[in-house]
Every structure is written in C-alpha cells, then in structure tokens.
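Visitor: Just so it is clear, I am handing over target02.cif, which has mmCIF, C-alpha atoms.
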```
data_coords
loop_
_atom_site.group_PDB
_atom_site.id
_atom_site.type_symbol
_atom_site.label_atom_id
_atom_site.label_comp_id
_atom_site.auth_asym_id
_atom_site.auth_seq_id
_atom_site.Cartn_x
_atom_site.Cartn_y
_atom_site.Cartn_z
ATOM 1 C CA ASP A 75 12.678 -22.402 -9.687
ATOM 2 C CA GLN A 76 12.289 -19.187 -7.703
ATOM 3 C CA GLN A 77 9.447 -17.168 -9.092
ATOM 4 C CA VAL A 78 9.900 -14.441 -6.492
ATOM 5 C CA LYS A 79 13.296 -13.104 -5.512
ATOM 6 C CA GLN A 80 14.151 -10.805 -2.668
ATOM 7 C CA ASN A 81 17.848 -10.477 -3.248
ATOM 8 C CA SER A 82 18.715 -8.641 -0.057
ATOM 9 C CA PRO A 83 18.471 -11.032 2.888
ATOM 10 C CA SER A 84 18.972 -8.131 5.289
ATOM 11 C CA LEU A 85 18.917 -4.352 5.422
ATOM 12 C CA SER A 86 19.942 -1.918 8.167
ATOM 13 C CA VAL A 87 18.612 1.629 8.229
ATOM 14 C CA GLN A 88 18.874 4.518 10.664
ATOM 15 C CA GLU A 89 15.699 5.580 12.404
ATOM 16 C CA GLY A 90 14.006 8.386 10.499
ATOM 17 C CA ARG A 91 15.581 7.480 7.157
ATOM 18 C CA ILE A 92 13.940 5.696 4.237
ATOM 19 C CA SER A 93 13.896 1.902 3.959
ATOM 20 C CA ILE A 94 13.629 0.439 0.459
ATOM 21 C CA LEU A 95 12.899 -3.253 0.078
ATOM 22 C CA ASN A 96 13.004 -4.805 -3.373
ATOM 23 C CA CYS A 97 11.308 -7.747 -4.995
ATOM 24 C CA ASP A 98 11.691 -9.244 -8.480
ATOM 25 C CA TYR A 99 9.410 -11.821 -10.042
ATOM 26 C CA THR A 100 9.500 -13.941 -13.163
ATOM 27 C CA ASN A 101 5.887 -15.035 -13.632
ATOM 28 C CA SER A 102 4.133 -12.522 -15.899
ATOM 29 C CA MET A 103 0.783 -14.009 -14.826
ATOM 30 C CA PHE A 104 1.074 -12.467 -11.375
ATOM 31 C CA ASP A 105 -1.659 -9.905 -11.105
ATOM 32 C CA TYR A 106 -1.805 -8.777 -7.518
ATOM 33 C CA PHE A 107 1.104 -8.119 -5.206
ATOM 34 C CA LEU A 108 1.106 -8.131 -1.424
ATOM 35 C CA TRP A 109 3.666 -7.300 1.212
ATOM 36 C CA TYR A 110 3.616 -9.054 4.547
ATOM 37 C CA LYS A 111 5.592 -8.232 7.646
ATOM 38 C CA LYS A 112 6.662 -10.902 10.110
ATOM 39 C CA TYR A 113 7.967 -10.615 13.652
ATOM 40 C CA PRO A 114 9.798 -13.555 15.260
ATOM 41 C CA ALA A 115 7.486 -16.282 16.566
ATOM 42 C CA GLU A 116 4.466 -14.691 14.863
ATOM 43 C CA GLY A 117 2.660 -15.266 11.608
ATOM 44 C CA PRO A 118 2.963 -12.870 8.648
ATOM 45 C CA THR A 119 0.818 -9.748 8.915
ATOM 46 C CA PHE A 120 -0.623 -8.122 5.813
ATOM 47 C CA LEU A 121 0.917 -4.711 5.236
ATOM 48 C CA ILE A 122 0.028 -3.275 1.847
ATOM 49 C CA SER A 123 -0.894 -4.451 -1.646
ATOM 50 C CA ILE A 124 -0.992 -3.256 -5.217
ATOM 51 C CA SER A 125 -2.928 -4.353 -8.259
ATOM 52 C CA SER A 126 -1.173 -4.758 -11.598
ATOM 53 C CA ILE A 127 -3.271 -1.938 -13.049
ATOM 54 C CA LYS A 128 -1.530 0.539 -10.758
ATOM 55 C CA ASP A 129 2.079 1.579 -10.424
ATOM 56 C CA LYS A 130 1.907 3.038 -6.933
ATOM 57 C CA ASN A 131 -0.079 2.552 -3.760
ATOM 58 C CA GLU A 132 0.426 4.535 -0.603
ATOM 59 C CA ASP A 133 -0.724 3.927 2.955
ATOM 60 C CA GLY A 134 0.701 6.211 5.576
ATOM 61 C CA ARG A 135 4.431 5.654 5.857
ATOM 62 C CA PHE A 136 4.311 2.729 3.427
ATOM 63 C CA THR A 137 4.372 3.024 -0.359
ATOM 64 C CA VAL A 138 4.629 0.214 -2.847
ATOM 65 C CA PHE A 139 5.823 0.814 -6.403
ATOM 66 C CA LEU A 140 5.249 -1.618 -9.256
ATOM 67 C CA ASN A 141 7.168 -1.715 -12.530
ATOM 68 C CA LYS A 142 5.431 -4.409 -14.592
ATOM 69 C CA SER A 143 7.740 -4.178 -17.561
ATOM 70 C CA ALA A 144 10.727 -4.829 -15.321
ATOM 71 C CA LYS A 145 8.799 -7.316 -13.164
ATOM 72 C CA HIS A 146 9.957 -5.421 -10.138
ATOM 73 C CA LEU A 147 8.310 -3.962 -7.099
ATOM 74 C CA SER A 148 9.598 -2.104 -4.106
ATOM 75 C CA LEU A 149 8.324 -1.166 -0.673
ATOM 76 C CA HIS A 150 9.326 2.207 0.737
ATOM 77 C CA ILE A 151 9.007 2.976 4.423
ATOM 78 C CA VAL A 152 9.535 6.575 5.422
ATOM 79 C CA PRO A 153 10.339 7.566 8.035
ATOM 80 C CA SER A 154 11.593 4.220 9.333
ATOM 81 C CA GLN A 155 10.913 3.440 12.983
ATOM 82 C CA PRO A 156 12.467 0.837 15.296
ATOM 83 C CA GLY A 157 9.104 -0.973 15.421
ATOM 84 C CA ASP A 158 9.435 -1.596 11.689
ATOM 85 C CA SER A 159 12.261 -4.048 12.395
ATOM 86 C CA ALA A 160 10.921 -7.339 11.050
ATOM 87 C CA VAL A 161 11.156 -9.675 8.070
ATOM 88 C CA TYR A 162 9.287 -8.408 5.026
ATOM 89 C CA PHE A 163 7.901 -10.803 2.452
ATOM 90 C CA CYS A 164 6.814 -10.012 -1.067
ATOM 91 C CA ALA A 165 3.881 -12.263 -2.048
ATOM 92 C CA PRO A 166 2.395 -12.037 -5.550
ATOM 93 C CA SER A 167 -0.703 -13.924 -6.620
ATOM 94 C CA PRO A 168 -2.152 -14.978 -9.995
ATOM 95 C CA PRO A 169 -5.254 -13.384 -11.518
ATOM 96 C CA SER A 170 -8.732 -14.046 -10.235
ATOM 97 C CA GLY A 171 -9.955 -17.536 -11.018
ATOM 98 C CA ALA A 172 -6.487 -18.943 -11.596
ATOM 99 C CA GLY A 173 -5.559 -20.105 -8.126
ATOM 100 C CA SER A 174 -5.386 -16.496 -7.037
ATOM 101 C CA TYR A 175 -5.315 -17.588 -3.421
ATOM 102 C CA GLN A 176 -1.938 -19.274 -3.941
ATOM 103 C CA LEU A 177 0.401 -16.649 -2.611
ATOM 104 C CA THR A 178 3.992 -17.163 -3.703
ATOM 105 C CA PHE A 179 6.333 -15.821 -1.054
ATOM 106 C CA GLY A 180 9.878 -14.610 -1.503
ATOM 107 C CA LYS A 181 12.498 -15.599 1.059
ATOM 108 C CA GLY A 182 12.102 -12.290 2.838
ATOM 109 C CA THR A 183 14.290 -9.338 3.758
ATOM 110 C CA LYS A 184 15.142 -8.765 7.395
ATOM 111 C CA LEU A 185 14.932 -5.051 8.129
ATOM 112 C CA SER A 186 16.703 -3.630 11.155
ATOM 113 C CA VAL A 187 15.970 -0.029 12.040
ATOM 114 C CA ILE A 188 18.679 1.366 14.267
ATOM 115 C CA PRO A 189 17.597 3.965 16.859
ATOM 116 C CA ASN B 8 -11.960 -10.263 18.012
ATOM 117 C CA ALA B 9 -9.640 -13.250 17.994
ATOM 118 C CA GLY B 10 -7.377 -13.765 15.048
ATOM 119 C CA VAL B 11 -6.369 -17.042 13.482
ATOM 120 C CA MET B 12 -5.405 -19.514 16.176
ATOM 121 C CA GLN B 13 -3.032 -22.401 15.794
ATOM 122 C CA ASN B 14 -2.024 -25.070 18.234
ATOM 123 C CA PRO B 15 0.244 -26.358 19.362
ATOM 124 C CA ARG B 16 2.777 -23.596 18.843
ATOM 125 C CA HIS B 17 5.623 -26.062 19.109
ATOM 126 C CA LEU B 18 5.498 -29.771 18.409
ATOM 127 C CA VAL B 19 8.296 -32.276 18.751
ATOM 128 C CA ARG B 20 7.964 -35.711 17.197
ATOM 129 C CA ARG B 21 10.278 -38.634 16.631
ATOM 130 C CA ARG B 22 10.682 -40.093 13.181
ATOM 131 C CA GLY B 23 7.771 -42.329 12.297
ATOM 132 C CA GLN B 24 5.254 -40.653 14.610
ATOM 133 C CA GLU B 25 2.214 -38.683 13.556
ATOM 134 C CA ALA B 26 1.855 -34.917 13.803
ATOM 135 C CA ARG B 27 -1.500 -33.164 14.034
ATOM 136 C CA LEU B 28 -1.628 -29.413 13.621
ATOM 137 C CA ARG B 29 -4.803 -27.471 14.332
ATOM 138 C CA CYS B 30 -6.075 -24.193 12.972
ATOM 139 C CA SER B 31 -9.125 -22.179 13.957
ATOM 140 C CA PRO B 32 -9.868 -19.450 11.405
ATOM 141 C CA MET B 33 -10.922 -15.936 12.265
ATOM 142 C CA LYS B 34 -14.544 -15.572 13.215
ATOM 143 C CA GLY B 35 -16.672 -15.339 10.095
ATOM 144 C CA HIS B 36 -13.971 -16.739 7.819
ATOM 145 C CA SER B 37 -14.819 -19.824 5.813
ATOM 146 C CA HIS B 38 -11.651 -20.253 3.744
ATOM 147 C CA VAL B 39 -8.532 -21.864 5.219
ATOM 148 C CA TYR B 40 -5.075 -22.169 3.699
ATOM 149 C CA TRP B 41 -2.010 -24.016 4.924
ATOM 150 C CA TYR B 42 1.534 -22.929 4.116
ATOM 151 C CA ARG B 43 4.879 -24.437 5.050
ATOM 152 C CA GLN B 44 8.085 -22.536 5.639
ATOM 153 C CA LEU B 45 11.256 -24.576 5.482
ATOM 154 C CA PRO B 46 14.417 -23.092 7.039
ATOM 155 C CA GLU B 47 15.805 -20.162 5.047
ATOM 156 C CA GLU B 48 12.871 -20.278 2.622
ATOM 157 C CA GLY B 49 9.691 -18.339 1.973
ATOM 158 C CA LEU B 50 6.263 -19.736 2.779
ATOM 159 C CA LYS B 51 4.979 -22.284 0.269
ATOM 160 C CA PHE B 52 1.283 -22.924 -0.384
ATOM 161 C CA MET B 53 0.125 -26.408 0.532
ATOM 162 C CA VAL B 54 -3.666 -26.642 0.526
ATOM 163 C CA TYR B 55 -6.869 -24.593 0.388
ATOM 164 C CA LEU B 56 -10.006 -25.803 2.141
ATOM 165 C CA GLN B 57 -13.546 -24.687 2.752
ATOM 166 C CA LYS B 58 -15.876 -26.362 5.231
ATOM 167 C CA GLU B 59 -15.927 -30.103 4.466
ATOM 168 C CA ASN B 60 -14.204 -29.561 1.120
ATOM 169 C CA ILE B 61 -10.641 -29.647 -0.140
ATOM 170 C CA ILE B 62 -10.565 -27.079 -2.927
ATOM 171 C CA ASP B 63 -6.910 -27.234 -3.961
ATOM 172 C CA GLU B 64 -4.227 -29.518 -2.559
ATOM 173 C CA SER B 65 -1.738 -29.017 -5.362
ATOM 174 C CA GLY B 66 0.980 -27.929 -2.928
ATOM 175 C CA MET B 67 0.663 -30.932 -0.627
ATOM 176 C CA PRO B 68 3.195 -33.754 -0.782
ATOM 177 C CA LYS B 69 1.472 -36.761 -2.319
ATOM 178 C CA GLU B 70 2.160 -39.100 0.570
ATOM 179 C CA ARG B 71 1.817 -38.883 4.345
ATOM 180 C CA PHE B 72 0.154 -35.438 4.324
ATOM 181 C CA SER B 73 -3.579 -34.826 4.593
ATOM 182 C CA ALA B 74 -5.823 -31.943 5.571
ATOM 183 C CA GLU B 75 -9.419 -31.518 6.580
ATOM 184 C CA PHE B 76 -11.779 -28.771 7.621
ATOM 185 C CA PRO B 77 -14.814 -30.434 9.203
ATOM 186 C CA LYS B 78 -18.226 -28.895 9.596
ATOM 187 C CA GLU B 79 -17.518 -28.390 13.280
ATOM 188 C CA GLY B 80 -14.135 -27.718 14.794
ATOM 189 C CA PRO B 81 -10.767 -26.577 13.543
ATOM 190 C CA SER B 82 -8.937 -27.435 10.380
ATOM 191 C CA ILE B 83 -6.395 -30.215 10.852
ATOM 192 C CA LEU B 84 -3.152 -30.774 8.965
ATOM 193 C CA ARG B 85 -1.996 -34.326 9.553
ATOM 194 C CA ILE B 86 1.436 -35.676 8.804
ATOM 195 C CA GLN B 87 1.895 -39.414 9.164
ATOM 196 C CA GLN B 88 5.226 -41.141 9.728
ATOM 197 C CA VAL B 89 7.130 -37.891 10.035
ATOM 198 C CA VAL B 90 10.680 -37.601 8.740
ATOM 199 C CA ARG B 91 13.375 -35.047 9.559
ATOM 200 C CA GLY B 92 12.648 -33.160 6.357
ATOM 201 C CA ASP B 93 9.170 -32.351 7.678
ATOM 202 C CA SER B 94 10.722 -30.055 10.297
ATOM 203 C CA ALA B 95 9.401 -26.618 9.440
ATOM 204 C CA ALA B 96 7.011 -23.888 10.485
ATOM 205 C CA TYR B 97 3.456 -24.556 9.354
ATOM 206 C CA PHE B 98 1.228 -21.535 8.985
ATOM 207 C CA CYS B 99 -2.504 -21.447 8.611
ATOM 208 C CA ALA B 100 -4.319 -18.491 7.074
ATOM 209 C CA SER B 101 -7.981 -17.671 6.646
ATOM 210 C CA SER B 102 -9.997 -15.325 4.510
ATOM 211 C CA ALA B 103 -13.601 -14.192 4.490
ATOM 212 C CA ALA B 104 -16.197 -14.973 1.854
ATOM 213 C CA ASP B 105 -13.999 -14.607 -1.196
ATOM 214 C CA PRO B 106 -10.689 -16.478 -1.654
ATOM 215 C CA GLN B 107 -9.321 -13.261 -3.154
ATOM 216 C CA ASP B 108 -9.826 -11.506 0.141
ATOM 217 C CA THR B 109 -6.769 -10.786 2.222
ATOM 218 C CA GLN B 110 -5.375 -13.837 3.983
ATOM 219 C CA TYR B 111 -4.778 -13.444 7.689
ATOM 220 C CA PHE B 112 -2.155 -15.705 9.183
ATOM 221 C CA GLY B 113 -1.930 -17.518 12.466
ATOM 222 C CA PRO B 114 1.244 -17.603 14.577
ATOM 223 C CA GLY B 115 2.308 -20.934 13.137
ATOM 224 C CA THR B 116 3.251 -24.329 14.528
ATOM 225 C CA ARG B 117 6.934 -25.124 14.605
ATOM 226 C CA LEU B 118 7.386 -28.850 14.039
ATOM 227 C CA THR B 119 10.667 -30.440 15.004
ATOM 228 C CA VAL B 120 11.309 -34.043 14.047
ATOM 229 C CA LEU B 121 14.043 -35.745 16.026
#
```
Can you give me the file's structure in the form of structure tokens?
Guide:
Amino acid sequence: DQQVKQNSPSLSVQEGRISILNCDYTNSMFDYFLWYKKYPAEGPTFLISISSIKDKNEDGRFTVFLNKSAKHLSLHIVPSQPGDSAVYFCAPSPPSGAGSYQLTFGKGTKLSVIP
Amino acid sequence: NAGVMQNPRHLVRRRGQEARLRCSPMKGHSHVYWYRQLPEEGLKFMVYLQKENIIDESGMPKERFSAEFPKEGPSILRIQQVVRGDSAAYFCASSAADPQDTQYFGPGTRLTVL
C-alpha cells in the first residue's frame, strides 16, 4: 500500500531550464511535507519543506507547491544546474503527536540535468 | 561540525551471521531514527530511540532485529541470523531536542547477505 507515489522514476532537463518533480499521497493525515535530495553513496539531505497550512514555500531556486485537495505536491527547481542531478524523495509526515517523526518516503525521482 | 556518522559503510555477511550497524548522531542531537531502503524502494521507518529508551519500534520486523541507544556510545541496529532479504541500505538519522525537528541522515550502511 503505497501512501506516497512519485510516478516519474527519472527526469532529464537541460541546464538552465525548470525541473518539476511531482509527488502524490493518499493519507489525508499527512500534515508536513519534506523534500530530500540524495547523491549516490550518501544519505538523504533535507532540501525544503512545507506545512499543510501553506500552499507554497520558496527557498532560492527551490519552490514547493502543495495542493491539499488533490493530495499533490511538486518541487520546482529553476534554473536547474548540473549539481542538482540527484535522486529526490518526497517525505510527508503525520501531525504533531501522531508519530510525526515517521517520515514516509516515496521511491524517488532521479533528476539528470544536462549541461 | 560532524554530521551523522555510520559505520561500517559496507558490510557483507553470510546467511545466519549477525550484523551490527552503528550510528553516532550529530553533536547535540538526542533523537535517533533508523530507516531501511530495499532495492528500488523508498526509505521505510524502522525505529525511533532516545538515550536508553526505545520510543517507537513499530517499523521493526518482530524477529531477529533489535536496536539500542545506550547512555554512552553510538546507537546500534542488530540483525541476528541474517537472511538474503535483509540486504538493503540502512540509514540512521538524528534530530535535536524535538522529534519534529528536521532529521539529518547519515551516509548509510549497505548490508549484503551472501
């Protein structure tokens, strides 16, 4: 039972263009949504997050959009750079006090930014 | 400022042997989490520990797996009598005072069971 789906296993984008990574979830109890980035042979690195009370959060080149009614979020990277090439994981968590530390990871999307 | 450290990075065991995976959290962090990533899957929560306490082990297999976080020293994830299906990457994460704080991950231990 996949609660978090990242339906695109891979994505290739030209350097300088926008990368859009998508994530769908089924558990309406998820309250806080994180994106992690992972390079080969390394652990996931926290990238950006968004609370369910917001629909957008921006940090430099990275913006996350949340559509609660559609149970969908997306990560936009603009402009994309070769160093952004990595696997990106969507990781929602339940509300505070309800095992909120239990991150539920999607399978990831491998982003390749072509110079 | 060292991040989360895990060792060994790679561990090879034969079926039936024991595997011990170690995790040292970031300095000042008192919450430790273990996740497992099977091939072609996302990371799955296994267990959440604080010093000398297991807070939530709902993601741990009921048999052969155990975890501890002693007063002194690293957190240990122990797998007894390993089987091929235990082959995976095991990641440890830590957070500061509040379990809702951001979790910072170590580089992982890749366990291969022959």
Visitor: So how far away is CA of Phe72 (chain B) from CA of Val89 (chain B), in Å?
Guide: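 Those two atoms sit 9.3 Å apart.
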Visitor: Could you give me, as a ChimeraX atom specification, the residues within 9 Å of Glu59 (chain B), counting only C-alpha atoms and dropping anything in the same chain fewer than 6 positions from it?
Guide: /B:75-78
Visitor: Output the contact residues of chain A with respect to chain B at a cut-off of 9 Å, based on all atoms listed in the file, as a PyMOL selection string.
Guide: chain A and resi 115-120+163+170-171+173-182
Visitor: Measuring between all atoms listed in the file, which one of A:Asn101, A:Ser159, A:Ser186, A:Asn96 shows the shortest distance to Val138 (chain A)?
Guide: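 The closest residue to Val138 (chain A) is A:Asn96.
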Visitor: Interatomic distance between CA of Ala104 (chain B) and CA of Ser125 (chain A)?
Guide: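 Taking CA of Ala104 (chain B) as the start and CA of Ser125 (chain A) as the end point, the length is 19.8 Å.
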Visitor: Name the residues that the PyMOL selection byres ((chain A and resi 81-93) around 12) pulls out of this structure, and write them as a PyMOL selection string.
Guide: (chain A and resi 76+78-80+94-99+135-138+146+148-164+180-189) or (chain B and resi 47-49)
Visitor: One number please: CA of Asn141 (chain A) to CA of Ser167 (chain A), in Å, one decimal.
Guide: 15.7 Å
Visitor: Take the PyMOL selection byres ((chain A and resi 107) around 9), apply it to the structure above, and return the hits as a VMD selection string.
Guide: chain A and resid 104 to 106 108 to 109 122 to 126 140 147 164 to 168 177
Visitor: For each of A:Ser143, A:Ser102, A:Gln77, A:Asn131, take the minimum atom-to-atom distance to Pro169 (chain A), counting all atoms listed in the file, then give the residue where this is smallest.
Guide: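 Residue with the minimum atom-to-atom distance to Pro169 (chain A): A:Ser102.
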Visitor: Check which residues satisfy the PyMOL selection byres ((chain B and resi 81) around 10) in the file shown, then give them as a ChimeraX atom specification.
Guide: /B:12-13,28-32,39,58,75-80,82-84
Visitor: Return the padded bounding box of region 161-179 of chain A as AutoDock Vina command-line options: axis-aligned, built from all atoms listed in the file, 8 Å added on each side, with centre and edge lengths in Å to one decimal.
Guide:
```
--center_x 0.6 --center_y -14.3 --center_z -1.8 --size_x 37.1 --size_y 27.7 --size_z 35.7
```
Visitor: Need the shell around Val120 (chain B): protein/DNA/RNA residues with any atom at most 10 Å away, counting all atoms listed in the file. Skip same-chain ones fewer than 6 positions apart. Format as a PDB file with C-alpha atoms, keeping the file's coordinate frame?
Guide:
```
ATOM      1  CA  LEU B  18       5.498 -29.771  18.409  1.00  0.00           C
ATOM      2  CA  VAL B  19       8.296 -32.276  18.751  1.00  0.00           C
ATOM      3  CA  ARG B  20       7.964 -35.711  17.197  1.00  0.00           C
ATOM      4  CA  ARG B  21      10.278 -38.634  16.631  1.00  0.00           C
ATOM      5  CA  ARG B  22      10.682 -40.093  13.181  1.00  0.00           C
ATOM      6  CA  GLY B  23       7.771 -42.329  12.297  1.00  0.00           C
ATOM      7  CA  GLN B  24       5.254 -40.653  14.610  1.00  0.00           C
ATOM      8  CA  ALA B  26       1.855 -34.917  13.803  1.00  0.00           C
ATOM      9  CA  VAL B  89       7.130 -37.891  10.035  1.00  0.00           C
ATOM     10  CA  VAL B  90      10.680 -37.601   8.740  1.00  0.00           C
ATOM     11  CA  ARG B  91      13.375 -35.047   9.559  1.00  0.00           C
ATOM     12  CA  GLY B  92      12.648 -33.160   6.357  1.00  0.00           C
ATOM     13  CA  ASP B  93       9.170 -32.351   7.678  1.00  0.00           C
ATOM     14  CA  SER B  94      10.722 -30.055  10.297  1.00  0.00           C
ATOM     15  CA  ALA B  95       9.401 -26.618   9.440  1.00  0.00           C
TER      16      ALA B  95
END
```
Visitor: Is it possible to add N, CA, C and O atoms to region 66-79 of chain B and hand it back as an mmCIF file, in the coordinates of the input?
Guide:
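The resulting file, selection37.cif, is shown below:
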```cif
data_model
loop_
_atom_site.group_PDB
_atom_site.id
_atom_site.type_symbol
_atom_site.label_atom_id
_atom_site.label_comp_id
_atom_site.auth_asym_id
_atom_site.auth_seq_id
_atom_site.Cartn_x
_atom_site.Cartn_y
_atom_site.Cartn_z
ATOM 1 N N GLY B 66 -0.307 -28.154 -3.585
ATOM 2 C CA GLY B 66 0.980 -27.929 -2.928
ATOM 3 C C GLY B 66 1.321 -28.955 -1.865
ATOM 4 O O GLY B 66 2.380 -28.874 -1.228
ATOM 5 N N MET B 67 0.448 -29.921 -1.675
ATOM 6 C CA MET B 67 0.663 -30.932 -0.627
ATOM 7 C C MET B 67 1.529 -32.053 -1.178
ATOM 8 O O MET B 67 1.317 -32.522 -2.304
ATOM 9 N N PRO B 68 2.495 -32.530 -0.395
ATOM 10 C CA PRO B 68 3.195 -33.754 -0.782
ATOM 11 C C PRO B 68 2.173 -34.880 -0.977
ATOM 12 O O PRO B 68 1.157 -34.937 -0.285
ATOM 13 N N LYS B 69 2.461 -35.750 -1.931
ATOM 14 C CA LYS B 69 1.472 -36.761 -2.319
ATOM 15 C C LYS B 69 1.257 -37.817 -1.245
ATOM 16 O O LYS B 69 0.183 -38.403 -1.142
ATOM 17 N N GLU B 70 2.273 -38.050 -0.451
ATOM 18 C CA GLU B 70 2.160 -39.100 0.570
ATOM 19 C C GLU B 70 2.323 -38.502 1.956
ATOM 20 O O GLU B 70 2.977 -37.485 2.146
ATOM 21 N N ARG B 71 1.706 -39.125 2.901
ATOM 22 C CA ARG B 71 1.817 -38.883 4.345
ATOM 23 C C ARG B 71 1.110 -37.619 4.824
ATOM 24 O O ARG B 71 0.868 -37.477 6.007
ATOM 25 N N PHE B 72 0.795 -36.696 3.921
ATOM 26 C CA PHE B 72 0.154 -35.438 4.324
ATOM 27 C C PHE B 72 -1.333 -35.470 3.960
ATOM 28 O O PHE B 72 -1.696 -35.892 2.867
ATOM 29 N N SER B 73 -2.155 -34.976 4.890
ATOM 30 C CA SER B 73 -3.579 -34.826 4.593
ATOM 31 C C SER B 73 -4.118 -33.638 5.375
ATOM 32 O O SER B 73 -3.521 -33.216 6.376
ATOM 33 N N ALA B 74 -5.221 -33.098 4.900
ATOM 34 C CA ALA B 74 -5.823 -31.943 5.571
ATOM 35 C C ALA B 74 -7.323 -32.090 5.531
ATOM 36 O O ALA B 74 -7.887 -32.691 4.602
ATOM 37 N N GLU B 75 -7.963 -31.530 6.537
ATOM 38 C CA GLU B 75 -9.419 -31.518 6.580
ATOM 39 C C GLU B 75 -9.892 -30.252 7.266
ATOM 40 O O GLU B 75 -9.167 -29.632 8.055
ATOM 41 N N PHE B 76 -11.133 -29.912 6.976
ATOM 42 C CA PHE B 76 -11.779 -28.771 7.621
ATOM 43 C C PHE B 76 -13.225 -29.209 7.840
ATOM 44 O O PHE B 76 -14.104 -28.981 7.006
ATOM 45 N N PRO B 77 -13.482 -29.859 8.966
ATOM 46 C CA PRO B 77 -14.814 -30.434 9.203
ATOM 47 C C PRO B 77 -15.865 -29.360 9.428
ATOM 48 O O PRO B 77 -15.547 -28.182 9.673
ATOM 49 N N LYS B 78 -17.107 -29.809 9.401
ATOM 50 C CA LYS B 78 -18.226 -28.895 9.596
ATOM 51 C C LYS B 78 -18.114 -28.198 10.959
ATOM 52 O O LYS B 78 -18.419 -27.011 11.108
ATOM 53 N N GLU B 79 -17.724 -28.949 11.950
ATOM 54 C CA GLU B 79 -17.518 -28.390 13.280
ATOM 55 C C GLU B 79 -16.060 -28.569 13.670
ATOM 56 O O GLU B 79 -15.471 -29.614 13.426
#
```
